[in-house]
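Coordinates from protein-v5.pdb are shown below (PDB, C-alpha atoms).
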MODEL        1
ATOM      1  CA  PHE A   1      -8.171  10.890  -5.550
ATOM      2  CA  LEU A   2      -8.789  12.120  -2.024
ATOM      3  CA  ALA A   3      -9.341  15.765  -3.010
ATOM      4  CA  ASP A   4     -13.106  15.851  -3.563
ATOM      5  CA  ILE A   5     -13.565  19.589  -3.932
ATOM      6  CA  GLN A   6     -11.859  21.219  -6.879
ATOM      7  CA  PRO A   7     -10.834  24.915  -6.698
ATOM      8  CA  GLN A   8     -13.629  25.913  -9.073
ATOM      9  CA  HIS A   9     -16.213  24.362  -6.692
ATOM     10  CA  LEU A  10     -15.108  25.807  -3.347
ATOM     11  CA  SER A  11     -18.735  26.667  -2.600
ATOM     12  CA  HIS A  12     -19.203  22.929  -1.821
ATOM     13  CA  LEU A  13     -16.868  23.414   1.127
ATOM     14  CA  VAL A  14     -19.515  25.599   2.803
ATOM     15  CA  ASP A  15     -21.995  22.710   2.561
ATOM     16  CA  VAL A  16     -19.477  20.337   4.171
ATOM     17  CA  LEU A  17     -18.755  22.809   6.974
ATOM     18  CA  GLN A  18     -22.502  23.059   7.604
ATOM     19  CA  GLY A  19     -22.646  19.290   8.173
ATOM     20  CA  ASN A  20     -23.842  18.215   4.735
ATOM     21  CA  TYR A  21     -21.413  15.392   4.024
ATOM     22  CA  THR A  22     -21.032  11.630   4.020
ATOM     23  CA  LYS A  23     -18.469   9.709   6.066
ATOM     24  CA  GLU A  24     -16.312   6.899   4.808
ATOM     25  CA  GLU A  25     -13.989   4.682   6.830
ATOM     26  CA  ARG A  26     -10.802   3.289   5.297
ATOM     27  CA  PHE A  27      -8.198   1.006   6.754
ATOM     28  CA  LEU A  28      -4.484   1.579   7.222
ATOM     29  CA  LEU A  29      -1.496  -0.727   6.972
ATOM     30  CA  ASN A  30       0.633  -1.492   9.992
ATOM     31  CA  VAL A  31       4.222  -2.092   8.848
ATOM     32  CA  VAL A  32       6.799  -3.644  11.183
ATOM     33  CA  VAL A  33      10.400  -4.552  10.362
ATOM     34  CA  LYS A  34      11.914  -7.266  12.557
ATOM     35  CA  HIS A  35      15.560  -8.233  12.542
ATOM     36  CA  GLU A  36      16.838 -10.993  14.804
ATOM     37  CA  ASN A  37      13.435 -11.047  16.581
ATOM     38  CA  THR A  38      13.659  -7.355  17.474
ATOM     39  CA  ILE A  39      11.346  -4.680  16.091
ATOM     40  CA  ILE A  40      13.612  -2.086  14.480
ATOM     41  CA  TYR A  41      11.022  -0.035  12.592
ATOM     42  CA  GLN A  42       7.275   0.528  12.699
ATOM     43  CA  SER A  43       4.993   2.748  10.635
ATOM     44  CA  MET A  44       1.480   3.028   9.241
ATOM     45  CA  ALA A  45       0.359   3.746   5.695
ATOM     46  CA  LEU A  46      -2.897   4.842   4.096
ATOM     47  CA  ASN A  47      -1.814   4.100   0.520
ATOM     48  CA  ASP A  48       1.060   1.669   0.330
ATOM     49  CA  MET A  49       4.317   0.223   1.547
ATOM     50  CA  VAL A  50       7.009  -0.019  -1.099
ATOM     51  CA  LEU A  51      10.065  -2.257  -0.905
ATOM     52  CA  HIS A  52      12.662  -0.810  -3.277
ATOM     53  CA  LYS A  53      16.327  -0.819  -4.178
ATOM     54  CA  SER A  54      18.402   1.693  -2.262
ATOM     55  CA  LYS A  55      21.219   2.270  -4.748
ATOM     56  CA  ALA A  56      22.177  -0.954  -6.435
ATOM     57  CA  VAL A  57      21.266  -1.832  -9.970
ATOM     58  CA  ASN A  58      20.801  -5.443  -8.896
ATOM     59  CA  MET A  59      17.404  -6.927  -8.202
ATOM     60  CA  ILE A  60      16.132  -7.584  -4.692
ATOM     61  CA  GLU A  61      15.531 -11.183  -3.677
ATOM     62  CA  PHE A  62      12.774 -11.831  -1.151
ATOM     63  CA  ASP A  63      10.307 -14.488  -0.020
ATOM     64  CA  THR A  64       6.670 -13.663   0.598
ATOM     65  CA  THR A  65       4.310 -15.582   2.875
ATOM     66  CA  ILE A  66       0.649 -14.969   3.633
ATOM     67  CA  ASN A  67      -0.610 -16.195   7.012
ATOM     68  CA  ASP A  68       2.546 -18.352   7.294
ATOM     69  CA  LYS A  69       1.887 -20.011   3.912
ATOM     70  CA  PRO A  70       4.510 -19.483   1.198
ATOM     71  CA  LEU A  71       3.359 -17.368  -1.732
ATOM     72  CA  CYS A  72       6.582 -17.003  -3.709
ATOM     73  CA  ASN A  73      10.280 -16.351  -3.890
ATOM     74  CA  GLN A  74      10.992 -13.392  -6.124
ATOM     75  CA  ARG A  75      13.748 -11.382  -7.667
ATOM     76  CA  ALA A  76      12.472  -7.966  -8.681
ATOM     77  CA  ASP A  77      13.216  -4.265  -8.488
ATOM     78  CA  GLY A  78      10.797  -4.120  -5.582
ATOM     79  CA  LEU A  79       7.293  -4.751  -4.351
ATOM     80  CA  VAL A  80       4.256  -2.543  -3.740
ATOM     81  CA  VAL A  81       1.716  -3.580  -1.104
ATOM     82  CA  ALA A  82      -1.304  -1.298  -1.422
ATOM     83  CA  THR A  83      -4.634  -0.721   0.267
ATOM     84  CA  PRO A  84      -7.685   0.030  -1.883
ATOM     85  CA  THR A  85      -6.914   3.726  -1.314
ATOM     86  CA  GLY A  86      -3.409   3.219  -2.701
ATOM     87  CA  SER A  87      -4.533   0.999  -5.562
ATOM     88  CA  THR A  88      -4.944   4.074  -7.777
ATOM     89  CA  ALA A  89      -1.389   5.294  -7.093
ATOM     90  CA  TYR A  90       1.972   3.508  -7.454
ATOM     91  CA  ALA A  91       0.369   0.055  -7.545
ATOM     92  CA  LEU A  92      -1.733   1.071 -10.558
ATOM     93  CA  SER A  93       1.300   2.377 -12.453
ATOM     94  CA  GLY A  94       2.963  -0.991 -11.787
ATOM     95  CA  GLY A  95       0.100  -2.887 -13.436
ATOM     96  CA  GLY A  96      -2.068  -3.526 -10.385
ATOM     97  CA  PRO A  97      -5.881  -3.369 -10.398
ATOM     98  CA  ILE A  98      -8.078  -0.549  -9.168
ATOM     99  CA  ILE A  99      -9.779  -1.685  -5.962
ATOM    100  CA  HIS A 100     -12.975  -0.017  -4.741
ATOM    101  CA  PRO A 101     -12.311   1.588  -1.324
ATOM    102  CA  SER A 102     -15.131  -0.391   0.320
ATOM    103  CA  GLN A 103     -13.209  -3.658  -0.158
ATOM    104  CA  ASP A 104     -11.136  -5.069   2.717
ATOM    105  CA  VAL A 105      -8.278  -6.352   0.562
ATOM    106  CA  LEU A 106      -4.619  -5.705  -0.221
ATOM    107  CA  VAL A 107      -2.985  -5.773  -3.619
ATOM    108  CA  ILE A 108       0.589  -7.034  -3.980
ATOM    109  CA  VAL A 109       2.353  -5.754  -7.098
ATOM    110  CA  PRO A 110       5.878  -6.883  -8.040
ATOM    111  CA  MET A 111       8.005  -4.138  -9.604
ATOM    112  CA  LEU A 112       9.761  -5.338 -12.763
ATOM    113  CA  PRO A 113       9.987  -8.978 -11.654
ATOM    114  CA  HIS A 114      12.550 -11.355 -13.148
ATOM    115  CA  LYS A 115       9.923 -14.058 -13.764
ATOM    116  CA  LEU A 116       7.313 -13.336 -16.412
ATOM    117  CA  SER A 117       4.831 -15.373 -14.347
ATOM    118  CA  SER A 118       4.989 -12.892 -11.438
ATOM    119  CA  ARG A 119       1.720 -10.999 -11.466
ATOM    120  CA  PRO A 120      -0.207  -8.755  -9.071
ATOM    121  CA  ILE A 121      -2.375 -10.596  -6.564
ATOM    122  CA  VAL A 122      -5.266  -9.447  -4.381
ATOM    123  CA  ILE A 123      -5.459 -10.915  -0.876
ATOM    124  CA  ASP A 124      -7.697 -10.577   2.172
ATOM    125  CA  GLY A 125      -6.967  -7.319   4.001
ATOM    126  CA  ARG A 126      -6.971  -9.146   7.342
ATOM    127  CA  ALA A 127      -4.123 -11.431   6.253
ATOM    128  CA  GLN A 128      -0.619 -11.161   7.644
ATOM    129  CA  LEU A 129       1.930 -10.615   4.922
ATOM    130  CA  ASP A 130       5.572 -11.432   5.712
ATOM    131  CA  ILE A 131       8.324 -10.368   3.313
ATOM    132  CA  HIS A 132      11.689 -11.928   4.161
ATOM    133  CA  VAL A 133      14.602 -10.031   2.621
ATOM    134  CA  SER A 134      17.188 -12.566   1.491
ATOM    135  CA  GLU A 135      20.652 -12.555   3.006
ATOM    136  CA  HIS A 136      22.003 -13.118  -0.533
ATOM    137  CA  ASN A 137      21.251  -9.569  -1.722
ATOM    138  CA  LEU A 138      24.323  -7.483  -2.506
ATOM    139  CA  GLU A 139      22.905  -4.423  -0.742
ATOM    140  CA  SER A 140      20.150  -3.751   1.740
ATOM    141  CA  PRO A 141      16.892  -2.542   0.165
ATOM    142  CA  SER A 142      14.689   0.164   1.646
ATOM    143  CA  ILE A 143      11.014   0.573   2.389
ATOM    144  CA  SER A 144       8.812   3.626   2.411
ATOM    145  CA  CYS A 145       5.260   4.053   3.616
ATOM    146  CA  ASP A 146       3.105   6.427   1.560
ATOM    147  CA  GLY A 147       6.232   7.695  -0.192
ATOM    148  CA  GLN A 148       7.505   9.324   2.970
ATOM    149  CA  GLU A 149      10.732   8.592   4.813
ATOM    150  CA  SER A 150      12.864   5.745   3.529
ATOM    151  CA  PHE A 151      14.093   3.070   5.942
ATOM    152  CA  THR A 152      16.973   0.721   5.081
ATOM    153  CA  VAL A 153      16.025  -2.900   5.762
ATOM    154  CA  PRO A 154      18.885  -5.143   6.943
ATOM    155  CA  LEU A 155      19.514  -8.327   4.994
ATOM    156  CA  GLY A 156      17.668 -11.220   6.623
ATOM    157  CA  ALA A 157      14.988  -8.975   8.115
ATOM    158  CA  HIS A 158      11.243  -9.575   7.952
ATOM    159  CA  ILE A 159       8.754  -6.919   6.874
ATOM    160  CA  ILE A 160       5.409  -7.787   8.456
ATOM    161  CA  ILE A 161       2.307  -6.068   7.124
ATOM    162  CA  THR A 162      -1.099  -6.284   8.761
ATOM    163  CA  GLU A 163      -4.268  -4.230   8.814
ATOM    164  CA  ALA A 164      -3.899  -1.557  11.491
ATOM    165  CA  LYS A 165      -6.410  -1.424  14.333
ATOM    166  CA  GLN A 166      -6.845   2.296  13.709
ATOM    167  CA  LYS A 167      -9.050   3.442  10.835
ATOM    168  CA  ILE A 168      -9.157   6.746   9.083
ATOM    169  CA  GLN A 169     -12.424   8.573   8.489
ATOM    170  CA  LEU A 170     -12.872  10.653   5.376
ATOM    171  CA  ILE A 171     -15.682  13.091   4.759
ATOM    172  CA  HIS A 172     -17.052  13.757   1.298
ATOM    173  CA  PRO A 173     -19.544  16.260  -0.073
ATOM    174  CA  GLU A 174     -22.974  14.668  -0.376
ATOM    175  CA  SER A 175     -22.548  14.728  -4.166
ATOM    176  CA  TYR A 176     -19.404  12.549  -3.983
ATOM    177  CA  ASP A 177     -19.291   9.714  -6.520
ATOM    178  CA  TYR A 178     -16.216   7.448  -6.490
ATOM    179  CA  PHE A 179     -16.742   6.339 -10.084
ATOM    180  CA  GLU A 180     -17.090   9.941 -11.259
ATOM    181  CA  THR A 181     -13.737  10.649  -9.606
ATOM    182  CA  LEU A 182     -12.228   7.695 -11.490
ATOM    183  CA  ARG A 183     -13.643   8.959 -14.799
ATOM    184  CA  GLN A 184     -12.292  12.464 -14.206
ATOM    185  CA  LYS A 185      -8.835  11.555 -12.942
ATOM    186  CA  LEU A 186      -8.051   8.592 -15.175
TER     187      LEU A 186
ENDMDL
END
File written out as structure tokens:
Amino acid sequence: FLADIQPQHLSHLVDVLQGNYTKEERFLLNVVVKHENTIIYQSMALNDMVLHKSKAVNMIEFDTTINDKPLCNQRADGLVVATPTGSTAYALSGGGPIIHPSQDVLVIVPMLPHKLSSRPIVIDGRAQLDIHVSEHNLESPSISCDGQESFTVPLGAHIIITEAKQKIQLIHPESYDYFETLRQKL
């Protein structure tokens, strides 16, 4: 979804290099893992942060709060927290909505939840999301940001997700049309 110029249209790259483009700003996630009040991991993500099982076939149990208000206690195979940029990736395959990149929101998508009532939810992008990994899990789950390195999260740890202060700027050919991209790629 971020590759605007297809190989058969490389001539558009010349236009971009000559300054004929539009700019778009998108936000990033700041992901912090705290265990016993100590930061043990920190990363940023353009697309998503995924909480997933490391090896076990058992579900992960975790509590989720938004701005210190309880959202839910869940047992699931994992959880995807995606930006609008990432809403067309793993979150979409998990049943989440497509979010236009101009929106300042996050989408939270449970992965194969135990409760049938667990559904994706869209929240304010400026909210603080806290995922507490239960001490009752049989094994420690892992997280990955944008599908990169995997980090094992200790039982009892908190995964805190906020909008990063840094933004990323994308440039698009002047002919760029987000909805055309959706039609072509989906």
Test item: residues at most 12 Å from Leu13 in chain A, only C-alpha atoms, excluding those fewer than 5 positions along its chain, as a VMD selection string:
chain A and resid 3 to 8 18 to 21 171 to 175
Which residues of range 47-121 of chain A have any atom within 10 Å of an atom in range 157-162 of chain A when counting only C-alpha atoms, and what is the closest pair of atoms for each, with the distance in Å to one decimal? Order the rows by chain and rising number and write it as a Markdown table.
| residue | atom | partner | partner_atom | distance |
| --- | --- | --- | --- | --- |
| A:Met49 | CA | A:Ile161 | CA | 8.6 |
| A:Leu51 | CA | A:Ile159 | CA | 9.2 |
| A:Phe62 | CA | A:His158 | CA | 9.5 |
| A:Asp63 | CA | A:His158 | CA | 9.4 |
| A:Thr64 | CA | A:Ile159 | CA | 9.4 |
| A:Thr65 | CA | A:Ile160 | CA | 9.6 |
| A:Ile66 | CA | A:Ile161 | CA | 9.7 |
| A:Val81 | CA | A:Ile161 | CA | 8.6 |
| A:Leu106 | CA | A:Thr162 | CA | 9.7 |
Work out how far CA of Ile98 in chain A is from CA of Phe179 in chain A, in Å to one decimal.
11.1 Å
Please work out which residues fall within 12 Å of (-0.3, -0.6, -6.6), coordinates as given in the file, with only C-alpha atoms counting, and return them as a PyMOL selection string.
chain A and resi 47-51+78-99+106-111+119-122+146
Given the file shown, enumerate the residues that the PyMOL selection byres ((chain A and resi 32) around 8) captures and present them as an MDAnalysis selection string.
chainID A and resid 30:31 33:34 39:43 159:161
Taking 5 positions as the minimum chain separation for residues in the same chain, which residues sit within 7 Å of Gly156 in chain A when counting all atoms listed in the file? Answer as number ranges by chain.
A: 35, 132-135
Would you mind putting all heavy atoms back on range 147-158 of chain A and writing the result as a PDB file, in the coordinates of the input?
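And here is the file that came out, result-v2.pdb:
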ATOM      1  N   GLY A 147       5.240   6.866   0.470  1.00  0.00           N
ATOM      2  CA  GLY A 147       6.232   7.695  -0.192  1.00  0.00           C
ATOM      3  C   GLY A 147       6.961   8.652   0.725  1.00  0.00           C
ATOM      4  O   GLY A 147       7.628   9.569   0.268  1.00  0.00           O
ATOM      5  N   GLN A 148       6.850   8.439   2.012  1.00  0.00           N
ATOM      6  CA  GLN A 148       7.505   9.324   2.970  1.00  0.00           C
ATOM      7  C   GLN A 148       8.912   8.810   3.252  1.00  0.00           C
ATOM      8  O   GLN A 148       9.546   8.277   2.373  1.00  0.00           O
ATOM      9  CB  GLN A 148       6.661   9.432   4.242  1.00  0.00           C
ATOM     10  CG  GLN A 148       5.266   9.981   3.998  1.00  0.00           C
ATOM     11  CD  GLN A 148       5.285  11.368   3.359  1.00  0.00           C
ATOM     12  OE1 GLN A 148       5.939  12.269   3.843  1.00  0.00           O
ATOM     13  NE2 GLN A 148       4.570  11.529   2.255  1.00  0.00           N
ATOM     14  N   GLU A 149       9.361   8.943   4.465  1.00  0.00           N
ATOM     15  CA  GLU A 149      10.732   8.592   4.813  1.00  0.00           C
ATOM     16  C   GLU A 149      11.095   7.183   4.341  1.00  0.00           C
ATOM     17  O   GLU A 149      10.266   6.286   4.307  1.00  0.00           O
ATOM     18  CB  GLU A 149      10.945   8.703   6.319  1.00  0.00           C
ATOM     19  CG  GLU A 149      10.174   7.662   7.111  1.00  0.00           C
ATOM     20  CD  GLU A 149      10.348   7.789   8.610  1.00  0.00           C
ATOM     21  OE1 GLU A 149      10.318   8.927   9.112  1.00  0.00           O
ATOM     22  OE2 GLU A 149      10.505   6.752   9.266  1.00  0.00           O
ATOM     23  N   SER A 150      12.349   7.026   3.977  1.00  0.00           N
ATOM     24  CA  SER A 150      12.864   5.745   3.529  1.00  0.00           C
ATOM     25  C   SER A 150      13.623   5.101   4.684  1.00  0.00           C
ATOM     26  O   SER A 150      14.372   5.766   5.388  1.00  0.00           O
ATOM     27  CB  SER A 150      13.780   5.972   2.328  1.00  0.00           C
ATOM     28  OG  SER A 150      14.142   4.755   1.752  1.00  0.00           O
ATOM     29  N   PHE A 151      13.420   3.807   4.875  1.00  0.00           N
ATOM     30  CA  PHE A 151      14.093   3.070   5.942  1.00  0.00           C
ATOM     31  C   PHE A 151      14.862   1.918   5.307  1.00  0.00           C
ATOM     32  O   PHE A 151      14.300   1.130   4.542  1.00  0.00           O
ATOM     33  CB  PHE A 151      13.083   2.536   6.962  1.00  0.00           C
ATOM     34  CG  PHE A 151      13.711   1.696   8.037  1.00  0.00           C
ATOM     35  CD1 PHE A 151      14.371   2.304   9.099  1.00  0.00           C
ATOM     36  CD2 PHE A 151      13.669   0.311   7.982  1.00  0.00           C
ATOM     37  CE1 PHE A 151      14.980   1.534  10.089  1.00  0.00           C
ATOM     38  CE2 PHE A 151      14.259  -0.467   8.965  1.00  0.00           C
ATOM     39  CZ  PHE A 151      14.919   0.151  10.024  1.00  0.00           C
ATOM     40  N   THR A 152      16.147   1.800   5.609  1.00  0.00           N
ATOM     41  CA  THR A 152      16.973   0.721   5.081  1.00  0.00           C
ATOM     42  C   THR A 152      16.704  -0.553   5.871  1.00  0.00           C
ATOM     43  O   THR A 152      16.787  -0.566   7.104  1.00  0.00           O
ATOM     44  CB  THR A 152      18.467   1.094   5.160  1.00  0.00           C
ATOM     45  OG1 THR A 152      18.668   2.304   4.427  1.00  0.00           O
ATOM     46  CG2 THR A 152      19.337   0.001   4.571  1.00  0.00           C
ATOM     47  N   VAL A 153      16.376  -1.620   5.152  1.00  0.00           N
ATOM     48  CA  VAL A 153      16.025  -2.900   5.762  1.00  0.00           C
ATOM     49  C   VAL A 153      17.253  -3.807   5.751  1.00  0.00           C
ATOM     50  O   VAL A 153      17.797  -4.098   4.681  1.00  0.00           O
ATOM     51  CB  VAL A 153      14.863  -3.572   4.989  1.00  0.00           C
ATOM     52  CG1 VAL A 153      14.521  -4.925   5.603  1.00  0.00           C
ATOM     53  CG2 VAL A 153      13.645  -2.666   4.953  1.00  0.00           C
ATOM     54  N   PRO A 154      17.714  -4.259   6.911  1.00  0.00           N
ATOM     55  CA  PRO A 154      18.885  -5.143   6.943  1.00  0.00           C
ATOM     56  C   PRO A 154      18.613  -6.466   6.218  1.00  0.00           C
ATOM     57  O   PRO A 154      17.477  -6.958   6.209  1.00  0.00           O
ATOM     58  CB  PRO A 154      19.115  -5.401   8.432  1.00  0.00           C
ATOM     59  CG  PRO A 154      18.300  -4.396   9.159  1.00  0.00           C
ATOM     60  CD  PRO A 154      17.194  -3.987   8.246  1.00  0.00           C
ATOM     61  N   LEU A 155      19.646  -7.018   5.631  1.00  0.00           N
ATOM     62  CA  LEU A 155      19.514  -8.327   4.994  1.00  0.00           C
ATOM     63  C   LEU A 155      19.095  -9.341   6.055  1.00  0.00           C
ATOM     64  O   LEU A 155      19.563  -9.302   7.189  1.00  0.00           O
ATOM     65  CB  LEU A 155      20.836  -8.731   4.346  1.00  0.00           C
ATOM     66  CG  LEU A 155      21.354  -7.811   3.246  1.00  0.00           C
ATOM     67  CD1 LEU A 155      22.651  -8.364   2.657  1.00  0.00           C
ATOM     68  CD2 LEU A 155      20.317  -7.588   2.159  1.00  0.00           C
ATOM     69  N   GLY A 156      18.179 -10.218   5.693  1.00  0.00           N
ATOM     70  CA  GLY A 156      17.668 -11.220   6.623  1.00  0.00           C
ATOM     71  C   GLY A 156      16.483 -10.761   7.455  1.00  0.00           C
ATOM     72  O   GLY A 156      15.905 -11.548   8.199  1.00  0.00           O
ATOM     73  N   ALA A 157      16.106  -9.501   7.322  1.00  0.00           N
ATOM     74  CA  ALA A 157      14.988  -8.975   8.115  1.00  0.00           C
ATOM     75  C   ALA A 157      13.641  -9.413   7.533  1.00  0.00           C
ATOM     76  O   ALA A 157      13.549  -9.841   6.381  1.00  0.00           O
ATOM     77  CB  ALA A 157      15.058  -7.451   8.175  1.00  0.00           C
ATOM     78  N   HIS A 158      12.615  -9.276   8.358  1.00  0.00           N
ATOM     79  CA  HIS A 158      11.243  -9.575   7.952  1.00  0.00           C
ATOM     80  C   HIS A 158      10.436  -8.284   7.990  1.00  0.00           C
ATOM     81  O   HIS A 158      10.489  -7.547   8.980  1.00  0.00           O
ATOM     82  CB  HIS A 158      10.596 -10.598   8.891  1.00  0.00           C
ATOM     83  CG  HIS A 158      11.148 -11.964   8.739  1.00  0.00           C
ATOM     84  ND1 HIS A 158      10.545 -12.923   7.970  1.00  0.00           N
ATOM     85  CD2 HIS A 158      12.274 -12.541   9.256  1.00  0.00           C
ATOM     86  CE1 HIS A 158      11.257 -14.040   8.027  1.00  0.00           C
ATOM     87  NE2 HIS A 158      12.314 -13.823   8.800  1.00  0.00           N
TER      88      HIS A 158
END
